[in-house]
>>> print(open('coords_15.cif').read())   # mmCIF, C-alpha atoms
data_model
#
loop_
_atom_site.label_atom_id
_atom_site.label_comp_id
_atom_site.auth_asym_id
_atom_site.auth_seq_id
_atom_site.Cartn_x
_atom_site.Cartn_y
_atom_site.Cartn_z
CA MET E 46 121.84 92.02 83.17
CA ARG E 47 124.99 94.04 82.74
CA LEU E 48 126.54 95.54 85.84
CA THR E 49 128.72 98.55 85.18
CA THR E 50 131.41 99.65 87.60
CA ARG E 51 129.20 102.56 88.56
CA ARG E 52 126.23 100.28 89.29
CA VAL E 53 128.40 97.91 91.35
CA ALA E 54 129.62 100.87 93.42
CA GLN E 55 126.03 102.07 93.93
CA LEU E 56 124.93 98.59 95.01
CA ALA E 57 127.91 98.39 97.38
CA VAL E 58 126.68 101.59 99.02
CA MET E 59 123.29 99.94 99.47
CA VAL E 60 124.98 96.95 101.13
CA ALA E 61 126.61 99.38 103.56
CA MET E 62 123.24 101.01 104.17
CA LEU E 63 121.71 97.60 104.93
CA VAL E 64 124.44 97.01 107.51
CA ILE E 65 123.89 100.43 109.06
CA GLY E 66 120.14 99.82 109.05
CA ALA E 67 120.66 96.64 111.06
CA TYR E 68 122.37 98.61 113.79
CA VAL E 69 119.61 101.23 113.95
CA SER E 70 117.18 99.12 115.93
CA ILE E 71 114.83 98.76 118.84
CA PRO E 72 115.80 95.42 120.41
CA LEU E 73 112.36 93.85 120.84
CA GLN E 74 111.88 90.11 121.18
CA PRO E 75 111.52 87.85 119.30
CA ILE E 76 112.31 90.23 116.43
CA PRO E 77 113.91 93.66 116.68
CA VAL E 78 112.53 96.67 114.88
CA THR E 79 115.29 97.76 112.50
CA PHE E 80 115.85 100.29 109.76
CA GLN E 81 116.92 97.51 107.38
CA THR E 82 113.49 97.28 105.81
CA VAL E 83 113.87 100.83 104.52
CA PHE E 84 116.94 99.85 102.50
CA VAL E 85 115.64 96.40 101.54
CA VAL E 86 112.68 98.09 99.83
CA LEU E 87 114.43 101.24 98.65
CA THR E 88 117.10 99.22 96.82
CA PRO E 89 114.72 97.62 94.26
CA LEU E 90 112.85 100.90 93.83
CA LEU E 91 116.15 102.49 92.85
CA PHE E 92 117.88 99.67 90.98
CA GLY E 93 115.13 97.40 89.66
CA SER E 94 116.08 93.82 88.96
CA THR E 95 119.73 94.31 89.93
CA ALA E 96 118.75 95.08 93.54
CA TYR E 97 119.04 91.44 94.55
CA VAL E 98 122.83 91.70 94.07
CA ALA E 99 123.08 94.10 97.02
CA VAL E 100 120.73 92.13 99.25
CA LEU E 101 122.34 88.80 98.42
CA SER E 102 125.79 90.28 99.07
CA TYR E 103 124.57 91.55 102.44
CA LEU E 104 123.17 88.13 103.38
CA LEU E 105 126.37 86.38 102.29
CA LEU E 106 128.46 88.76 104.42
CA GLY E 107 126.35 87.80 107.42
CA LEU E 108 126.47 84.11 106.58
CA ALA E 109 130.26 84.36 106.33
CA GLY E 110 130.35 85.54 109.94
CA LEU E 111 130.53 89.32 109.70
CA PRO E 112 128.28 90.91 112.35
CA VAL E 113 125.98 92.66 109.87
CA PHE E 114 122.56 91.50 111.06
CA ALA E 115 120.38 93.09 113.74
CA GLY E 116 122.08 93.15 117.10
CA GLY E 117 125.46 92.39 115.54
CA THR E 118 124.52 88.77 114.87
CA SER E 119 125.83 86.69 112.00
CA GLY E 120 126.33 83.20 110.72
CA LEU E 121 124.01 80.28 110.20
CA ALA E 122 122.42 80.83 113.62
CA ALA E 123 120.85 84.07 112.34
CA PHE E 124 119.23 82.16 109.46
CA THR E 125 117.98 79.30 111.65
CA GLY E 126 116.74 81.52 114.50
CA PRO E 127 113.41 83.36 114.75
CA THR E 128 114.44 86.11 112.30
CA GLY E 129 115.76 83.78 109.59
CA GLY E 130 112.55 83.93 107.58
CA PHE E 131 112.74 87.71 107.51
CA LEU E 132 116.28 87.48 106.13
CA ALA E 133 114.96 85.20 103.38
CA GLY E 134 112.15 87.70 102.89
CA PHE E 135 114.75 90.41 102.27
CA LEU E 136 116.03 88.55 99.23
CA LEU E 137 112.55 87.64 98.01
CA THR E 138 111.46 91.26 98.35
CA SER E 139 114.45 92.54 96.39
CA VAL E 140 113.71 90.13 93.55
CA VAL E 141 109.93 90.63 93.38
CA VAL E 142 109.83 94.40 93.95
CA GLY E 143 112.81 94.88 91.63
CA PHE E 144 111.11 92.89 88.88
CA VAL E 145 107.82 94.78 89.24
CA ALA E 146 109.47 98.19 89.61
CA GLU E 147 111.48 97.67 86.46
CA ARG E 148 108.40 96.78 84.44
CA TRP E 149 105.98 99.26 86.00
CA ARG E 150 107.58 102.28 84.41
CA SER E 151 106.31 105.23 86.34
CA ASP E 152 108.04 107.81 88.42
CA ARG E 153 105.01 108.63 90.51
CA PHE E 154 104.68 108.66 94.26
CA LEU E 155 101.64 106.35 94.16
CA ARG E 156 103.59 103.62 92.35
CA ASP E 157 106.40 103.82 94.91
CA LEU E 158 103.92 103.84 97.80
CA LEU E 159 102.04 100.78 96.49
CA LEU E 160 105.26 98.87 95.90
CA ALA E 161 106.71 99.86 99.28
CA GLU E 162 103.61 99.05 101.32
CA GLY E 163 102.98 95.88 99.28
CA SER E 164 106.54 94.75 99.94
CA LEU E 165 105.63 94.28 103.59
CA ALA E 166 103.55 91.22 102.68
CA ILE E 167 106.52 89.76 100.80
CA LEU E 168 108.74 90.40 103.82
CA TYR E 169 106.27 89.18 106.42
CA VAL E 170 105.07 85.92 104.91
CA PRO E 171 108.37 83.97 105.04
CA GLY E 172 109.32 85.76 108.27
CA ILE E 173 106.14 84.87 110.11
CA LEU E 174 105.99 81.32 108.78
CA TRP E 175 109.57 80.67 109.82
CA MET E 176 109.11 82.32 113.21
CA ARG E 177 106.03 80.21 113.83
CA HIS E 178 108.06 77.09 113.05
CA VAL E 179 111.11 78.04 115.14
CA LEU E 180 109.21 79.32 118.18
CA VAL E 181 106.56 76.60 117.88
CA LEU E 182 103.75 79.12 118.03
CA ARG E 183 100.29 77.61 118.06
CA GLY E 184 98.00 79.67 115.93
CA ALA E 185 97.60 82.71 113.75
CA THR E 186 96.72 84.95 116.71
CA GLU E 187 99.77 83.98 118.74
CA THR E 188 102.00 84.36 115.69
CA ALA E 189 100.54 87.75 114.80
CA LEU E 190 101.01 88.99 118.36
CA ALA E 191 104.64 87.88 118.37
CA ALA E 192 105.61 88.95 114.86
CA LEU E 193 103.31 91.67 113.58
CA VAL E 194 102.04 93.75 116.46
CA PRO E 195 105.46 95.07 117.53
CA VAL E 196 106.56 96.10 114.03
CA LEU E 197 103.59 96.68 111.72
CA GLY E 198 102.83 100.31 112.56
CA LEU E 199 106.45 101.38 112.33
CA ASP E 200 106.95 99.40 109.13
CA ILE E 201 103.97 101.12 107.49
CA LEU E 202 105.48 104.50 108.42
CA LYS E 203 108.92 103.43 107.18
CA MET E 204 107.43 102.40 103.82
CA LEU E 205 105.75 105.80 103.54
CA MET E 206 109.18 107.34 104.05
CA VAL E 207 110.62 105.02 101.36
CA ALA E 208 107.94 106.16 98.92
CA PHE E 209 108.82 109.81 99.58
CA LEU E 210 112.56 109.16 99.15
CA ALA E 211 112.48 106.94 96.06
CA ARG E 212 111.86 109.52 93.35
CA PRO E 213 114.39 112.17 94.47
CA LEU E 214 117.01 109.46 94.99
CA ARG E 215 116.36 107.98 91.53
CA GLU E 216 116.74 111.45 90.04
CA ALA E 217 119.99 111.98 91.94
CA LEU E 218 121.35 108.64 90.75
CA GLN E 219 120.46 109.43 87.14
CA SER E 220 122.04 112.88 87.23
CA SER E 221 125.33 111.79 88.78
#
>>> encode(input="coords_15.cif", output="structure tokens")
Amino acid sequence: MRLTTRRVAQLAVMVAMLVIGAYVSIPLQPIPVTFQTVFVVLTPLLFGSTAYVAVLSYLLLGLAGLPVFAGGTSGLAAFTGPTGGFLAGFLLTSVVVGFVAERWRSDRFLRDLLLAEGSLAILYVPGILWMRHVLVLRGATETALAALVPVLGLDILKMLMVAFLARPLREALQSS
């Protein structure tokens, strides 16, 4: 992997978009509905296997204490609290979707839609498992009610939006 100055600048913009996405939120409990997922999934659709650099940078900024996570939170507490698994899911999503997107060479809406909607499973699994552990939730139903019900519908719509945005943004990046 060779990162050019141009690519580093583009990834830095995506880090900024992740931060902005954290502040665009509906403060539900135990997890807020944020716009971060749009950028977590859009980044690998645009940048393939280098997307993890942006997401990892974002997570390290938050770990270092900058208030970049949902609700202006930061530090180790954000990783050990109920949303910590979703933060880990951000990195996992950027790696997996970036890897698949780079190898599944197609510039079609259906490919972007399948990758975007499929990314929700990659995001949700570590998030829900960690939330269940932290909040000591009893079963699958209680966990689903706490973690999925508040966000699933909006996340499906956000991934549809990502699929619509991916191709024109890739074209814009290639032409600049």
>>> resolve_selection(input="coords_15.cif", expression="the PyMOL selection byres ((chain E and resi 212-216) around 8)", output="PDB file with C-alpha atoms, in the coordinates of the input")
ATOM      1  CA  LEU E  91     116.150 102.490  92.850  1.00  0.00           C
ATOM      2  CA  ASP E 152     108.040 107.810  88.420  1.00  0.00           C
ATOM      3  CA  ARG E 153     105.010 108.630  90.510  1.00  0.00           C
ATOM      4  CA  PHE E 154     104.680 108.660  94.260  1.00  0.00           C
ATOM      5  CA  ALA E 208     107.940 106.160  98.920  1.00  0.00           C
ATOM      6  CA  PHE E 209     108.820 109.810  99.580  1.00  0.00           C
ATOM      7  CA  LEU E 210     112.560 109.160  99.150  1.00  0.00           C
ATOM      8  CA  ALA E 211     112.480 106.940  96.060  1.00  0.00           C
ATOM      9  CA  ALA E 217     119.990 111.980  91.940  1.00  0.00           C
ATOM     10  CA  LEU E 218     121.350 108.640  90.750  1.00  0.00           C
ATOM     11  CA  GLN E 219     120.460 109.430  87.140  1.00  0.00           C
ATOM     12  CA  SER E 220     122.040 112.880  87.230  1.00  0.00           C
TER      13      SER E 220
END
>>> atom_distance(input="coords_15.cif", atom1="CA of Ala96 (chain E)", atom2="CA of Ile167 (chain E)")
15.2 Å
>>> atom_distance(input="coords_15.cif", atom1="CA of Ser139 (chain E)", atom2="CA of Val98 (chain E)")
8.7 Å
>>> resolve_selection(input="coords_15.cif", expression="the PyMOL selection byres ((chain E and resi 79-85) around 8)", output="list of chain:residue names")
E:Met59, E:Met62, E:Leu63, E:Val64, E:Ile65, E:Gly66, E:Ala67, E:Tyr68, E:Val69, E:Ser70, E:Ile71, E:Pro77, E:Val78, E:Val86, E:Leu87, E:Thr88, E:Pro89, E:Val100, E:Ala115, E:Phe135, E:Thr138, E:Ser139, E:Asp200, E:Lys203, E:Met204, E:Val207
>>> atom_distance(input="coords_15.cif", atom1="CA of Gly163 (chain E)", atom2="CA of Phe131 (chain E)")
15.2 Å
>>> resolve_selection(input="coords_15.cif", expression="the PyMOL selection byres ((chain E and resi 112) around 12)", output="list in words")
Leu63, Val64, Ile65, Ala67, Tyr68, Tyr103, Leu104, Leu105, Leu106, Gly107, Leu108, Ala109, Gly110, Leu111, Val113, Phe114, Ala115, Gly116, Gly117, Thr118, Ser119, Gly120, Leu121, Ala122 and Ala123 of chain E
>>> write_last_selection(input="coords_15.cif", atoms="C-alpha atoms", output="compact mmCIF listing (two decimals), in the coordinates of the input")
# COMPACT_ATOMS: atom_id res chain seq x y z
CA LEU E 63 121.71 97.60 104.93
CA VAL E 64 124.44 97.01 107.51
CA ILE E 65 123.89 100.43 109.06
CA ALA E 67 120.66 96.64 111.06
CA TYR E 68 122.37 98.61 113.79
CA TYR E 103 124.57 91.55 102.44
CA LEU E 104 123.17 88.13 103.38
CA LEU E 105 126.37 86.38 102.29
CA LEU E 106 128.46 88.76 104.42
CA GLY E 107 126.35 87.80 107.42
CA LEU E 108 126.47 84.11 106.58
CA ALA E 109 130.26 84.36 106.33
CA GLY E 110 130.35 85.54 109.94
CA LEU E 111 130.53 89.32 109.70
CA VAL E 113 125.98 92.66 109.87
CA PHE E 114 122.56 91.50 111.06
CA ALA E 115 120.38 93.09 113.74
CA GLY E 116 122.08 93.15 117.10
CA GLY E 117 125.46 92.39 115.54
CA THR E 118 124.52 88.77 114.87
CA SER E 119 125.83 86.69 112.00
CA GLY E 120 126.33 83.20 110.72
CA LEU E 121 124.01 80.28 110.20
CA ALA E 122 122.42 80.83 113.62
CA ALA E 123 120.85 84.07 112.34
>>> residues_around(input="coords_15.cif", residues="region 175-190 of chain E", least_positions_apart="6", cutoff="9 Å", atoms="only C-alpha atoms", output="ChimeraX atom specification")
/E:75,125-131
>>> closest_residue(input="coords_15.cif", among="E:Ala61, E:Ala146, E:Ile76, E:Leu136", to="Leu168 (chain E)", atoms="all atoms listed in the file")
E:Leu136
>>> closest_residue(input="coords_15.cif", among="E:Leu73, E:Val194, E:Ile201, E:Val140", to="Leu165 (chain E)", atoms="all atoms listed in the file")
E:Ile201
>>> closest_residue(input="coords_15.cif", among="E:Leu155, E:Ala99, E:Val60, E:Ile173", to="Val196 (chain E)", atoms="all atoms listed in the file")
E:Ile173
>>> closest_residue(input="coords_15.cif", among="E:Ala191, E:Leu101, E:Val58, E:Val53", to="Leu132 (chain E)", atoms="all atoms listed in the file")
E:Leu101
>>> closest_residue(input="coords_15.cif", among="E:Gln74, E:Phe124, E:Leu193, E:Gly172", to="Leu137 (chain E)", atoms="all atoms listed in the file")
E:Gly172
>>> closest_residue(input="coords_15.cif", among="E:Pro72, E:Gly93, E:Gly198, E:Gly134", to="Leu160 (chain E)", atoms="only C-alpha atoms")
E:Gly93
>>> build_atoms(input="coords_15.cif", residues="region 115-142 of chain E", atoms="N, CA and C atoms", output="PDB file, in the frame of the given file")
ATOM      1  N   ALA E 115     120.895  92.372 112.571  1.00  0.00           N
ATOM      2  CA  ALA E 115     120.380  93.090 113.740  1.00  0.00           C
ATOM      3  C   ALA E 115     121.053  92.584 115.017  1.00  0.00           C
ATOM      4  N   GLY E 116     121.441  93.509 115.844  1.00  0.00           N
ATOM      5  CA  GLY E 116     122.080  93.150 117.100  1.00  0.00           C
ATOM      6  C   GLY E 116     123.500  92.652 116.945  1.00  0.00           C
ATOM      7  N   GLY E 117     124.088  92.839 115.763  1.00  0.00           N
ATOM      8  CA  GLY E 117     125.460  92.390 115.540  1.00  0.00           C
ATOM      9  C   GLY E 117     125.587  90.889 115.366  1.00  0.00           C
ATOM     10  N   THR E 118     124.478  90.224 115.041  1.00  0.00           N
ATOM     11  CA  THR E 118     124.520  88.770 114.870  1.00  0.00           C
ATOM     12  C   THR E 118     125.018  88.427 113.472  1.00  0.00           C
ATOM     13  N   SER E 119     125.345  87.160 113.294  1.00  0.00           N
ATOM     14  CA  SER E 119     125.830  86.690 112.000  1.00  0.00           C
ATOM     15  C   SER E 119     125.776  85.176 111.974  1.00  0.00           C
ATOM     16  N   GLY E 120     126.188  84.634 110.865  1.00  0.00           N
ATOM     17  CA  GLY E 120     126.330  83.200 110.720  1.00  0.00           C
ATOM     18  C   GLY E 120     125.023  82.461 110.490  1.00  0.00           C
ATOM     19  N   LEU E 121     125.145  81.153 110.454  1.00  0.00           N
ATOM     20  CA  LEU E 121     124.010  80.280 110.200  1.00  0.00           C
ATOM     21  C   LEU E 121     122.950  80.398 111.288  1.00  0.00           C
ATOM     22  N   ALA E 122     123.376  80.697 112.517  1.00  0.00           N
ATOM     23  CA  ALA E 122     122.420  80.830 113.620  1.00  0.00           C
ATOM     24  C   ALA E 122     121.385  81.924 113.338  1.00  0.00           C
ATOM     25  N   ALA E 123     121.789  82.987 112.667  1.00  0.00           N
ATOM     26  CA  ALA E 123     120.850  84.070 112.340  1.00  0.00           C
ATOM     27  C   ALA E 123     119.791  83.577 111.352  1.00  0.00           C
ATOM     28  N   PHE E 124     120.171  82.671 110.455  1.00  0.00           N
ATOM     29  CA  PHE E 124     119.230  82.160 109.460  1.00  0.00           C
ATOM     30  C   PHE E 124     118.319  81.075 110.050  1.00  0.00           C
ATOM     31  N   THR E 125     118.786  80.379 111.064  1.00  0.00           N
ATOM     32  CA  THR E 125     117.980  79.300 111.650  1.00  0.00           C
ATOM     33  C   THR E 125     117.201  79.764 112.878  1.00  0.00           C
ATOM     34  N   GLY E 126     117.461  80.982 113.352  1.00  0.00           N
ATOM     35  CA  GLY E 126     116.740  81.520 114.500  1.00  0.00           C
ATOM     36  C   GLY E 126     115.424  82.146 114.075  1.00  0.00           C
ATOM     37  N   PRO E 127     114.746  82.802 115.021  1.00  0.00           N
ATOM     38  CA  PRO E 127     113.410  83.360 114.750  1.00  0.00           C
ATOM     39  C   PRO E 127     113.366  84.386 113.625  1.00  0.00           C
ATOM     40  N   THR E 128     114.465  85.078 113.341  1.00  0.00           N
ATOM     41  CA  THR E 128     114.440  86.110 112.300  1.00  0.00           C
ATOM     42  C   THR E 128     114.909  85.599 110.941  1.00  0.00           C
ATOM     43  N   GLY E 129     115.245  84.339 110.847  1.00  0.00           N
ATOM     44  CA  GLY E 129     115.760  83.780 109.590  1.00  0.00           C
ATOM     45  C   GLY E 129     114.808  83.930 108.418  1.00  0.00           C
ATOM     46  N   GLY E 130     113.528  83.782 108.662  1.00  0.00           N
ATOM     47  CA  GLY E 130     112.550  83.930 107.580  1.00  0.00           C
ATOM     48  C   GLY E 130     112.479  85.358 107.066  1.00  0.00           C
ATOM     49  N   PHE E 131     112.724  86.328 107.950  1.00  0.00           N
ATOM     50  CA  PHE E 131     112.740  87.710 107.510  1.00  0.00           C
ATOM     51  C   PHE E 131     113.959  87.978 106.635  1.00  0.00           C
ATOM     52  N   LEU E 132     115.089  87.340 106.973  1.00  0.00           N
ATOM     53  CA  LEU E 132     116.280  87.480 106.130  1.00  0.00           C
ATOM     54  C   LEU E 132     116.004  86.918 104.741  1.00  0.00           C
ATOM     55  N   ALA E 133     115.343  85.764 104.683  1.00  0.00           N
ATOM     56  CA  ALA E 133     114.960  85.200 103.380  1.00  0.00           C
ATOM     57  C   ALA E 133     113.988  86.138 102.680  1.00  0.00           C
ATOM     58  N   GLY E 134     113.098  86.749 103.445  1.00  0.00           N
ATOM     59  CA  GLY E 134     112.150  87.700 102.890  1.00  0.00           C
ATOM     60  C   GLY E 134     112.823  88.916 102.289  1.00  0.00           C
ATOM     61  N   PHE E 135     113.984  89.296 102.840  1.00  0.00           N
ATOM     62  CA  PHE E 135     114.750  90.410 102.270  1.00  0.00           C
ATOM     63  C   PHE E 135     115.098  90.113 100.819  1.00  0.00           C
ATOM     64  N   LEU E 136     115.624  88.911 100.589  1.00  0.00           N
ATOM     65  CA  LEU E 136     116.030  88.550  99.230  1.00  0.00           C
ATOM     66  C   LEU E 136     114.814  88.425  98.319  1.00  0.00           C
ATOM     67  N   LEU E 137     113.775  87.786  98.803  1.00  0.00           N
ATOM     68  CA  LEU E 137     112.550  87.640  98.010  1.00  0.00           C
ATOM     69  C   LEU E 137     111.978  89.008  97.646  1.00  0.00           C
ATOM     70  N   THR E 138     111.967  89.919  98.594  1.00  0.00           N
ATOM     71  CA  THR E 138     111.460  91.260  98.350  1.00  0.00           C
ATOM     72  C   THR E 138     112.284  91.976  97.283  1.00  0.00           C
ATOM     73  N   SER E 139     113.599  91.856  97.378  1.00  0.00           N
ATOM     74  CA  SER E 139     114.450  92.540  96.390  1.00  0.00           C
ATOM     75  C   SER E 139     114.197  92.009  94.984  1.00  0.00           C
ATOM     76  N   VAL E 140     113.954  90.727  94.869  1.00  0.00           N
ATOM     77  CA  VAL E 140     113.710  90.130  93.550  1.00  0.00           C
ATOM     78  C   VAL E 140     112.330  90.547  93.025  1.00  0.00           C
ATOM     79  N   VAL E 141     111.292  90.363  93.832  1.00  0.00           N
ATOM     80  CA  VAL E 141     109.930  90.630  93.380  1.00  0.00           C
ATOM     81  C   VAL E 141     109.706  92.117  93.129  1.00  0.00           C
ATOM     82  N   VAL E 142     110.055  92.957  94.101  1.00  0.00           N
ATOM     83  CA  VAL E 142     109.830  94.400  93.950  1.00  0.00           C
ATOM     84  C   VAL E 142     110.717  94.943  92.827  1.00  0.00           C
TER      85      VAL E 142
END
